[in-house]
>>> print(open('target.pdb').read())   # PDB, C-alpha atoms
ATOM      1  CA  MET L 240     -27.210  28.059  -3.042  1.00  0.00           C
ATOM      2  CA  ALA L 241     -30.260  26.443  -1.597  1.00  0.00           C
ATOM      3  CA  GLN L 242     -29.407  22.754  -1.700  1.00  0.00           C
ATOM      4  CA  VAL L 243     -25.810  22.582  -0.504  1.00  0.00           C
ATOM      5  CA  LEU L 244     -25.882  25.518   1.869  1.00  0.00           C
ATOM      6  CA  ALA L 245     -29.263  24.614   3.339  1.00  0.00           C
ATOM      7  CA  ASN L 246     -28.092  21.046   3.912  1.00  0.00           C
ATOM      8  CA  TYR L 247     -24.929  22.224   5.619  1.00  0.00           C
ATOM      9  CA  GLU L 248     -26.732  24.780   7.754  1.00  0.00           C
ATOM     10  CA  GLU L 249     -29.007  21.975   8.924  1.00  0.00           C
ATOM     11  CA  GLN L 250     -25.984  19.792   9.687  1.00  0.00           C
ATOM     12  CA  LEU L 251     -24.429  22.609  11.689  1.00  0.00           C
ATOM     13  CA  ALA L 252     -27.632  23.181  13.619  1.00  0.00           C
ATOM     14  CA  ASN L 253     -27.653  19.526  14.702  1.00  0.00           C
ATOM     15  CA  ALA L 254     -23.885  19.165  15.179  1.00  0.00           C
ATOM     16  CA  GLN L 255     -22.370  18.445  18.581  1.00  0.00           C
ATOM     17  CA  MET L 256     -19.900  21.312  18.936  1.00  0.00           C
ATOM     18  CA  PRO L 257     -19.408  24.411  21.080  1.00  0.00           C
ATOM     19  CA  ALA L 258     -21.976  27.118  20.438  1.00  0.00           C
ATOM     20  CA  GLY L 259     -19.285  29.669  19.593  1.00  0.00           C
ATOM     21  CA  LYS L 260     -17.721  27.468  16.928  1.00  0.00           C
ATOM     22  CA  LYS L 261     -21.138  26.749  15.451  1.00  0.00           C
ATOM     23  CA  LYS L 262     -21.901  30.492  15.236  1.00  0.00           C
ATOM     24  CA  VAL L 263     -18.589  31.167  13.516  1.00  0.00           C
ATOM     25  CA  LEU L 264     -19.084  28.410  10.927  1.00  0.00           C
ATOM     26  CA  THR L 265     -22.682  29.390  10.183  1.00  0.00           C
ATOM     27  CA  THR L 266     -21.807  33.053   9.769  1.00  0.00           C
ATOM     28  CA  ALA L 267     -18.668  32.401   7.720  1.00  0.00           C
ATOM     29  CA  LEU L 268     -20.686  30.145   5.421  1.00  0.00           C
ATOM     30  CA  LYS L 269     -23.067  32.971   4.577  1.00  0.00           C
ATOM     31  CA  LEU L 270     -20.440  35.701   4.310  1.00  0.00           C
ATOM     32  CA  PHE L 271     -18.038  33.699   2.141  1.00  0.00           C
ATOM     33  CA  ALA L 272     -20.925  32.804  -0.147  1.00  0.00           C
ATOM     34  CA  SER L 273     -22.243  36.346  -0.493  1.00  0.00           C
ATOM     35  CA  ASN L 274     -19.045  38.429  -0.295  1.00  0.00           C
ATOM     36  CA  GLY L 275     -16.247  36.060  -1.262  1.00  0.00           C
ATOM     37  CA  PHE L 276     -13.320  34.790   0.777  1.00  0.00           C
ATOM     38  CA  HIS L 277     -10.928  37.738   0.473  1.00  0.00           C
ATOM     39  CA  ALA L 278     -13.573  40.392   1.106  1.00  0.00           C
ATOM     40  CA  THR L 279     -14.657  38.674   4.316  1.00  0.00           C
ATOM     41  CA  THR L 280     -12.492  39.514   7.323  1.00  0.00           C
ATOM     42  CA  THR L 281     -12.415  37.621  10.593  1.00  0.00           C
ATOM     43  CA  ALA L 282     -13.525  40.867  12.236  1.00  0.00           C
ATOM     44  CA  LYS L 283     -16.626  40.923  10.035  1.00  0.00           C
ATOM     45  CA  ILE L 284     -17.345  37.267  10.805  1.00  0.00           C
ATOM     46  CA  ALA L 285     -16.938  37.873  14.537  1.00  0.00           C
ATOM     47  CA  LYS L 286     -19.175  40.949  14.532  1.00  0.00           C
ATOM     48  CA  GLN L 287     -21.997  39.276  12.614  1.00  0.00           C
ATOM     49  CA  ALA L 288     -21.704  36.071  14.656  1.00  0.00           C
ATOM     50  CA  GLY L 289     -21.796  38.027  17.911  1.00  0.00           C
ATOM     51  CA  VAL L 290     -18.496  36.630  19.159  1.00  0.00           C
ATOM     52  CA  SER L 291     -14.988  37.980  19.631  1.00  0.00           C
ATOM     53  CA  GLU L 292     -12.202  37.459  17.107  1.00  0.00           C
ATOM     54  CA  GLY L 293     -10.494  35.502  19.876  1.00  0.00           C
ATOM     55  CA  THR L 294     -13.303  32.960  19.677  1.00  0.00           C
ATOM     56  CA  ILE L 295     -12.551  32.432  15.993  1.00  0.00           C
ATOM     57  CA  TYR L 296      -8.860  31.810  16.688  1.00  0.00           C
ATOM     58  CA  LYS L 297      -9.750  29.547  19.572  1.00  0.00           C
ATOM     59  CA  TYR L 298     -11.210  27.055  17.104  1.00  0.00           C
ATOM     60  CA  PHE L 299      -9.374  27.883  13.876  1.00  0.00           C
ATOM     61  CA  ALA L 300      -5.697  28.574  13.242  1.00  0.00           C
ATOM     62  CA  SER L 301      -6.475  31.153  10.535  1.00  0.00           C
ATOM     63  CA  LYS L 302      -9.195  32.353   8.185  1.00  0.00           C
ATOM     64  CA  GLN L 303      -7.833  29.837   5.668  1.00  0.00           C
ATOM     65  CA  ASP L 304      -8.197  27.045   8.223  1.00  0.00           C
ATOM     66  CA  LEU L 305     -11.773  28.182   8.836  1.00  0.00           C
ATOM     67  CA  LEU L 306     -12.505  28.001   5.098  1.00  0.00           C
ATOM     68  CA  THR L 307     -10.915  24.563   4.820  1.00  0.00           C
ATOM     69  CA  GLN L 308     -12.853  23.113   7.760  1.00  0.00           C
ATOM     70  CA  LEU L 309     -16.012  24.696   6.401  1.00  0.00           C
ATOM     71  CA  LEU L 310     -15.702  23.395   2.851  1.00  0.00           C
ATOM     72  CA  GLN L 311     -14.434  19.853   3.336  1.00  0.00           C
ATOM     73  CA  PRO L 312     -17.780  18.440   4.549  1.00  0.00           C
ATOM     74  CA  ILE L 313     -19.574  20.438   1.849  1.00  0.00           C
ATOM     75  CA  LEU L 314     -17.337  18.857  -0.778  1.00  0.00           C
ATOM     76  CA  GLU L 315     -18.221  15.448   0.629  1.00  0.00           C
ATOM     77  CA  ASP L 316     -21.903  16.346   0.306  1.00  0.00           C
ATOM     78  CA  ILE L 317     -21.390  17.526  -3.274  1.00  0.00           C
ATOM     79  CA  LYS L 318     -19.480  14.357  -4.136  1.00  0.00           C
ATOM     80  CA  ASP L 319     -22.113  12.066  -2.643  1.00  0.00           C
ATOM     81  CA  ASN L 320     -24.928  13.851  -4.476  1.00  0.00           C
ATOM     82  CA  LEU L 321     -23.179  14.638  -7.757  1.00  0.00           C
ATOM     83  CA  PHE L 322     -24.261  11.376  -9.395  1.00  0.00           C
ATOM     84  CA  SER L 323     -27.406  10.705  -7.408  1.00  0.00           C
ATOM     85  CA  ASP L 324     -30.310   9.314  -9.431  1.00  0.00           C
ATOM     86  CA  LEU L 325     -28.018   8.325 -12.293  1.00  0.00           C
ATOM     87  CA  ASP L 326     -28.681   4.651 -11.653  1.00  0.00           C
ATOM     88  CA  GLU L 327     -32.278   5.299 -12.724  1.00  0.00           C
ATOM     89  CA  GLN L 328     -31.139   6.415 -16.196  1.00  0.00           C
ATOM     90  CA  HIS L 329     -31.039   3.464 -18.601  1.00  0.00           C
ATOM     91  CA  ASP L 330     -30.452   5.284 -21.887  1.00  0.00           C
ATOM     92  CA  LEU L 331     -27.280   7.229 -22.671  1.00  0.00           C
ATOM     93  CA  ARG L 332     -29.042  10.167 -24.307  1.00  0.00           C
ATOM     94  CA  THR L 333     -31.494  10.418 -21.414  1.00  0.00           C
ATOM     95  CA  MET L 334     -28.612  10.235 -18.946  1.00  0.00           C
ATOM     96  CA  VAL L 335     -26.749  13.069 -20.691  1.00  0.00           C
ATOM     97  CA  ASP L 336     -29.929  15.167 -20.755  1.00  0.00           C
ATOM     98  CA  PHE L 337     -30.437  14.526 -17.053  1.00  0.00           C
ATOM     99  CA  ILE L 338     -26.845  15.376 -16.097  1.00  0.00           C
ATOM    100  CA  VAL L 339     -26.795  18.607 -18.084  1.00  0.00           C
ATOM    101  CA  ASP L 340     -30.170  19.833 -16.788  1.00  0.00           C
ATOM    102  CA  ASP L 341     -29.572  18.764 -13.198  1.00  0.00           C
ATOM    103  CA  ARG L 342     -25.956  19.945 -12.895  1.00  0.00           C
ATOM    104  CA  ILE L 343     -26.585  23.320 -14.508  1.00  0.00           C
ATOM    105  CA  GLN L 344     -29.475  23.878 -12.119  1.00  0.00           C
ATOM    106  CA  PHE L 345     -27.283  22.785  -9.217  1.00  0.00           C
ATOM    107  CA  ILE L 346     -24.339  25.007 -10.199  1.00  0.00           C
ATOM    108  CA  GLU L 347     -26.531  28.050 -10.801  1.00  0.00           C
ATOM    109  CA  ALA L 348     -28.231  27.567  -7.432  1.00  0.00           C
ATOM    110  CA  ASN L 349     -24.873  27.273  -5.637  1.00  0.00           C
ATOM    111  CA  PHE L 350     -22.786  29.487  -7.908  1.00  0.00           C
ATOM    112  CA  ASP L 351     -21.455  32.051  -5.428  1.00  0.00           C
ATOM    113  CA  PHE L 352     -20.224  29.455  -3.001  1.00  0.00           C
ATOM    114  CA  ILE L 353     -18.868  27.196  -5.734  1.00  0.00           C
ATOM    115  CA  ARG L 354     -16.756  30.151  -6.867  1.00  0.00           C
ATOM    116  CA  VAL L 355     -15.211  30.146  -3.393  1.00  0.00           C
ATOM    117  CA  ILE L 356     -14.516  26.418  -3.727  1.00  0.00           C
ATOM    118  CA  PHE L 357     -12.946  26.890  -7.153  1.00  0.00           C
ATOM    119  CA  HIS L 358     -10.712  29.622  -5.816  1.00  0.00           C
ATOM    120  CA  GLY L 359      -9.502  27.350  -3.055  1.00  0.00           C
ATOM    121  CA  VAL L 360      -8.873  24.465  -5.433  1.00  0.00           C
ATOM    122  CA  LEU L 361      -7.152  26.511  -8.144  1.00  0.00           C
ATOM    123  CA  THR L 362      -4.849  28.285  -5.700  1.00  0.00           C
ATOM    124  CA  GLY L 363      -4.014  25.052  -3.907  1.00  0.00           C
ATOM    125  CA  GLN L 364      -5.212  26.485  -0.613  1.00  0.00           C
ATOM    126  CA  LEU L 365      -8.182  24.252   0.019  1.00  0.00           C
ATOM    127  CA  LEU L 366      -7.702  20.533  -0.437  1.00  0.00           C
ATOM    128  CA  ASP L 367      -5.074  18.335   1.112  1.00  0.00           C
ATOM    129  CA  ASN L 368      -4.103  15.187  -0.774  1.00  0.00           C
ATOM    130  CA  GLN L 369      -6.368  12.959   1.313  1.00  0.00           C
ATOM    131  CA  THR L 370      -9.440  15.114   0.720  1.00  0.00           C
ATOM    132  CA  LEU L 371      -8.690  15.426  -2.991  1.00  0.00           C
ATOM    133  CA  GLU L 372      -8.178  11.672  -3.317  1.00  0.00           C
ATOM    134  CA  SER L 373     -11.472  11.022  -1.536  1.00  0.00           C
ATOM    135  CA  PHE L 374     -13.300  13.484  -3.789  1.00  0.00           C
ATOM    136  CA  LEU L 375     -11.905  11.987  -6.986  1.00  0.00           C
ATOM    137  CA  THR L 376     -11.349   8.278  -6.394  1.00  0.00           C
ATOM    138  CA  GLY L 377     -12.790   7.367  -2.995  1.00  0.00           C
ATOM    139  CA  ASN L 378     -16.208   5.913  -2.244  1.00  0.00           C
ATOM    140  CA  ASN L 379     -18.597   7.641  -4.683  1.00  0.00           C
ATOM    141  CA  GLY L 380     -15.604   9.611  -5.974  1.00  0.00           C
ATOM    142  CA  VAL L 381     -16.175  11.564  -9.168  1.00  0.00           C
ATOM    143  CA  LEU L 382     -13.737   9.586 -11.307  1.00  0.00           C
ATOM    144  CA  THR L 383     -14.909   6.291  -9.812  1.00  0.00           C
ATOM    145  CA  ARG L 384     -18.525   7.030 -10.718  1.00  0.00           C
ATOM    146  CA  LEU L 385     -17.511   8.020 -14.240  1.00  0.00           C
ATOM    147  CA  GLN L 386     -15.847   4.624 -14.610  1.00  0.00           C
ATOM    148  CA  ASP L 387     -19.083   2.987 -13.460  1.00  0.00           C
ATOM    149  CA  MET L 388     -20.994   5.033 -16.017  1.00  0.00           C
ATOM    150  CA  GLN L 389     -18.622   3.949 -18.770  1.00  0.00           C
ATOM    151  CA  LYS L 390     -19.148   0.301 -17.896  1.00  0.00           C
ATOM    152  CA  ALA L 391     -22.922   0.709 -17.792  1.00  0.00           C
ATOM    153  CA  PHE L 392     -23.137   2.289 -21.247  1.00  0.00           C
ATOM    154  CA  PRO L 393     -21.110   0.398 -23.887  1.00  0.00           C
ATOM    155  CA  GLN L 394     -21.866   3.160 -26.406  1.00  0.00           C
ATOM    156  CA  ILE L 395     -19.355   5.325 -24.550  1.00  0.00           C
ATOM    157  CA  ASN L 396     -15.890   5.121 -26.053  1.00  0.00           C
ATOM    158  CA  GLN L 397     -14.179   2.597 -23.788  1.00  0.00           C
ATOM    159  CA  GLN L 398     -10.783   4.144 -24.579  1.00  0.00           C
ATOM    160  CA  LEU L 399     -11.708   7.336 -22.762  1.00  0.00           C
ATOM    161  CA  THR L 400     -10.124   7.810 -19.355  1.00  0.00           C
ATOM    162  CA  SER L 401     -12.146   9.072 -16.417  1.00  0.00           C
ATOM    163  CA  PRO L 402     -10.400  12.492 -16.460  1.00  0.00           C
ATOM    164  CA  GLN L 403     -11.211  12.787 -20.160  1.00  0.00           C
ATOM    165  CA  MET L 404     -14.868  12.007 -19.463  1.00  0.00           C
ATOM    166  CA  ALA L 405     -14.867  14.623 -16.707  1.00  0.00           C
ATOM    167  CA  GLN L 406     -13.517  17.191 -19.181  1.00  0.00           C
ATOM    168  CA  ILE L 407     -16.218  16.278 -21.688  1.00  0.00           C
ATOM    169  CA  PHE L 408     -18.943  17.031 -19.138  1.00  0.00           C
ATOM    170  CA  VAL L 409     -17.401  19.881 -17.184  1.00  0.00           C
ATOM    171  CA  GLY L 410     -16.163  22.073 -20.028  1.00  0.00           C
ATOM    172  CA  PRO L 411     -19.469  22.790 -21.819  1.00  0.00           C
ATOM    173  CA  ILE L 412     -21.524  22.911 -18.608  1.00  0.00           C
ATOM    174  CA  TYR L 413     -19.320  25.446 -16.864  1.00  0.00           C
ATOM    175  CA  ALA L 414     -18.879  27.499 -20.044  1.00  0.00           C
ATOM    176  CA  TYR L 415     -22.680  27.779 -20.207  1.00  0.00           C
ATOM    177  CA  VAL L 416     -23.014  28.798 -16.549  1.00  0.00           C
ATOM    178  CA  PHE L 417     -20.144  31.300 -16.665  1.00  0.00           C
ATOM    179  CA  GLN L 418     -21.617  32.808 -19.828  1.00  0.00           C
ATOM    180  CA  ASN L 419     -24.788  33.561 -17.899  1.00  0.00           C
ATOM    181  CA  LYS L 420     -23.440  34.309 -14.436  1.00  0.00           C
ATOM    182  CA  LEU L 421     -20.193  36.143 -15.149  1.00  0.00           C
ATOM    183  CA  LEU L 422     -20.612  37.604 -18.618  1.00  0.00           C
ATOM    184  CA  GLY L 423     -24.354  38.221 -18.457  1.00  0.00           C
ATOM    185  CA  LEU L 424     -24.840  36.840 -21.961  1.00  0.00           C
ATOM    186  CA  PRO L 425     -28.335  35.511 -22.651  1.00  0.00           C
ATOM    187  CA  ALA L 426     -28.783  31.770 -23.064  1.00  0.00           C
ATOM    188  CA  SER L 427     -31.446  29.867 -24.941  1.00  0.00           C
ATOM    189  CA  ASP L 428     -32.876  26.379 -25.200  1.00  0.00           C
ATOM    190  CA  ASN L 429     -30.765  25.980 -28.331  1.00  0.00           C
ATOM    191  CA  ASP L 430     -27.640  26.442 -26.205  1.00  0.00           C
ATOM    192  CA  MET L 431     -28.740  23.623 -23.900  1.00  0.00           C
ATOM    193  CA  ALA L 432     -29.492  21.354 -26.842  1.00  0.00           C
ATOM    194  CA  LEU L 433     -26.067  22.119 -28.328  1.00  0.00           C
ATOM    195  CA  ILE L 434     -24.319  21.282 -25.042  1.00  0.00           C
ATOM    196  CA  LYS L 435     -26.124  17.951 -24.775  1.00  0.00           C
ATOM    197  CA  LYS L 436     -25.311  17.070 -28.383  1.00  0.00           C
ATOM    198  CA  GLN L 437     -21.675  18.040 -27.938  1.00  0.00           C
ATOM    199  CA  ILE L 438     -21.278  15.910 -24.806  1.00  0.00           C
ATOM    200  CA  LEU L 439     -23.041  12.917 -26.330  1.00  0.00           C
ATOM    201  CA  ASN L 440     -20.929  13.115 -29.490  1.00  0.00           C
ATOM    202  CA  ASN L 441     -17.680  13.408 -27.574  1.00  0.00           C
ATOM    203  CA  LEU L 442     -18.562  10.481 -25.326  1.00  0.00           C
ATOM    204  CA  THR L 443     -19.332   8.188 -28.222  1.00  0.00           C
ATOM    205  CA  MET L 444     -16.740   9.373 -30.735  1.00  0.00           C
ATOM    206  CA  LYS L 445     -14.233   6.614 -31.555  1.00  0.00           C
TER     207      LYS L 445
END
>>> encode(input="target.pdb", output="structure tokens")
Amino acid sequence: MAQVLANYEEQLANAQMPAGKKKVLTTALKLFASNGFHATTTAKIAKQAGVSEGTIYKYFASKQDLLTQLLQPILEDIKDNLFSDLDEQHDLRTMVDFIVDDRIQFIEANFDFIRVIFHGVLTGQLLDNQTLESFLTGNNGVLTRLQDMQKAFPQINQQLTSPQMAQIFVGPIYAYVFQNKLLGLPASDNDMALIKKQILNNLTMK
């Protein structure tokens, strides 16, 4: 969790907001990441933050509202950094290698909290339409950057849509991480090589 959570904790530390709200957000961040959303009660957040439950409801309408306000800036941070350094990759194979290595490392480091994000997205309880649109198609949006990538590398099948490209990358990468993190199945360098080959082939297949 180091990169995303550390960045957000630093942002919170420097944010201009009431001390009580800052304590609630900082504590909820850690508890949601370590225990999950449903297992974390507002009473537990209040106790660990050293505030009353009333303080939580002073700033947030519900625990769900707290999660939403907590995750939206984190999603913006993830979006802005998801394709960082890609402009330095000038060869398609090298770019695929970089994405697979970097994103697997990123997901594994932030896995517990990303599970919370996935839960919110899959249950429709996290993102409003504006936030989702910004994440996908806004400035540095995921689908927008995939379109840029497609234009930069003519070897990529130009008939692929951005959602299709996202599926090509996301499917094998998350299958690999879930295999390790959820199922506890051992992974090898051969698995990584297979993922990279699969993604490269699917990107270039006519």
>>> resolve_selection(input="target.pdb", expression="the PyMOL selection byres ((chain L and resi 315-321) around 8)", output="list in words")
Val243, Gln311, Pro312, Ile313, Leu314, Phe322, Ser323, Arg342, Phe374, Asn379, Gly380 and Val381 of chain L
>>> residues_around(input="target.pdb", residues="Asp330 of chain L", least_positions_apart="6", cutoff="10 Å", atoms="all atoms listed in the file", output="VMD selection string")
chain L and resid 336 391 to 392 394
>>> atom_distance(input="target.pdb", atom1="atom CA of Ser427 of chain L", atom2="atom CA of Val335 of chain L")
18.0 Å
>>> resolve_selection(input="target.pdb", expression="the PyMOL selection byres ((chain L and resi 387) around 12)", output="list in words")
Phe322, Leu325, Asp326, Thr376, Asn378, Asn379, Gly380, Val381, Leu382, Thr383, Arg384, Leu385, Gln386, Met388, Gln389, Lys390, Ala391, Phe392, Pro393, Ile395, Gln397, Thr400, Ser401 and Met404 of chain L
>>> write_last_selection(input="target.pdb", atoms="C-alpha atoms", output="compact mmCIF listing (two decimals), keeping the file's coordinate frame")
# COMPACT_ATOMS: atom_id res chain seq x y z
CA PHE L 322 -24.26 11.38 -9.40
CA LEU L 325 -28.02 8.32 -12.29
CA ASP L 326 -28.68 4.65 -11.65
CA THR L 376 -11.35 8.28 -6.39
CA ASN L 378 -16.21 5.91 -2.24
CA ASN L 379 -18.60 7.64 -4.68
CA GLY L 380 -15.60 9.61 -5.97
CA VAL L 381 -16.18 11.56 -9.17
CA LEU L 382 -13.74 9.59 -11.31
CA THR L 383 -14.91 6.29 -9.81
CA ARG L 384 -18.52 7.03 -10.72
CA LEU L 385 -17.51 8.02 -14.24
CA GLN L 386 -15.85 4.62 -14.61
CA MET L 388 -20.99 5.03 -16.02
CA GLN L 389 -18.62 3.95 -18.77
CA LYS L 390 -19.15 0.30 -17.90
CA ALA L 391 -22.92 0.71 -17.79
CA PHE L 392 -23.14 2.29 -21.25
CA PRO L 393 -21.11 0.40 -23.89
CA ILE L 395 -19.36 5.32 -24.55
CA GLN L 397 -14.18 2.60 -23.79
CA THR L 400 -10.12 7.81 -19.36
CA SER L 401 -12.15 9.07 -16.42
CA MET L 404 -14.87 12.01 -19.46
>>> axis_aligned_box(input="target.pdb", around="segment 261-275 of chain L", padding_each_side="6 Å", output="AutoDock Vina command-line options")
--center_x -19.7 --center_y 32.6 --center_z 7.1 --size_x 18.8 --size_y 23.7 --size_z 28.7
>>> closest_residue(input="target.pdb", among="L:Ala278, L:Ala414, L:Val263, L:Ala272", to="Tyr296 of chain L", atoms="all atoms listed in the file")
L:Val263
>>> closest_residue(input="target.pdb", among="L:Leu310, L:Ala258, L:Ile438, L:Leu251", to="Arg354 of chain L", atoms="only C-alpha atoms")
L:Leu310
>>> closest_residue(input="target.pdb", among="L:Leu375, L:Ala267, L:Ile343, L:Leu399", to="Gln418 of chain L", atoms="all atoms listed in the file")
L:Ile343
>>> closest_residue(input="target.pdb", among="L:Ile412, L:Ile346, L:Leu270, L:Leu306", to="Ala432 of chain L", atoms="only C-alpha atoms")
L:Ile412
>>> atom_distance(input="target.pdb", atom1="atom CA of Phe350 of chain L", atom2="atom CA of Tyr415 of chain L")
12.4 Å
>>> closest_residue(input="target.pdb", among="L:Asp430, L:Phe408, L:Gln398, L:Gly423", to="Lys445 of chain L", atoms="all atoms listed in the file")
L:Gln398
>>> closest_residue(input="target.pdb", among="L:Pro402, L:Gly410, L:Gly377, L:Gly259", to="Tyr298 of chain L", atoms="all atoms listed in the file")
L:Gly259
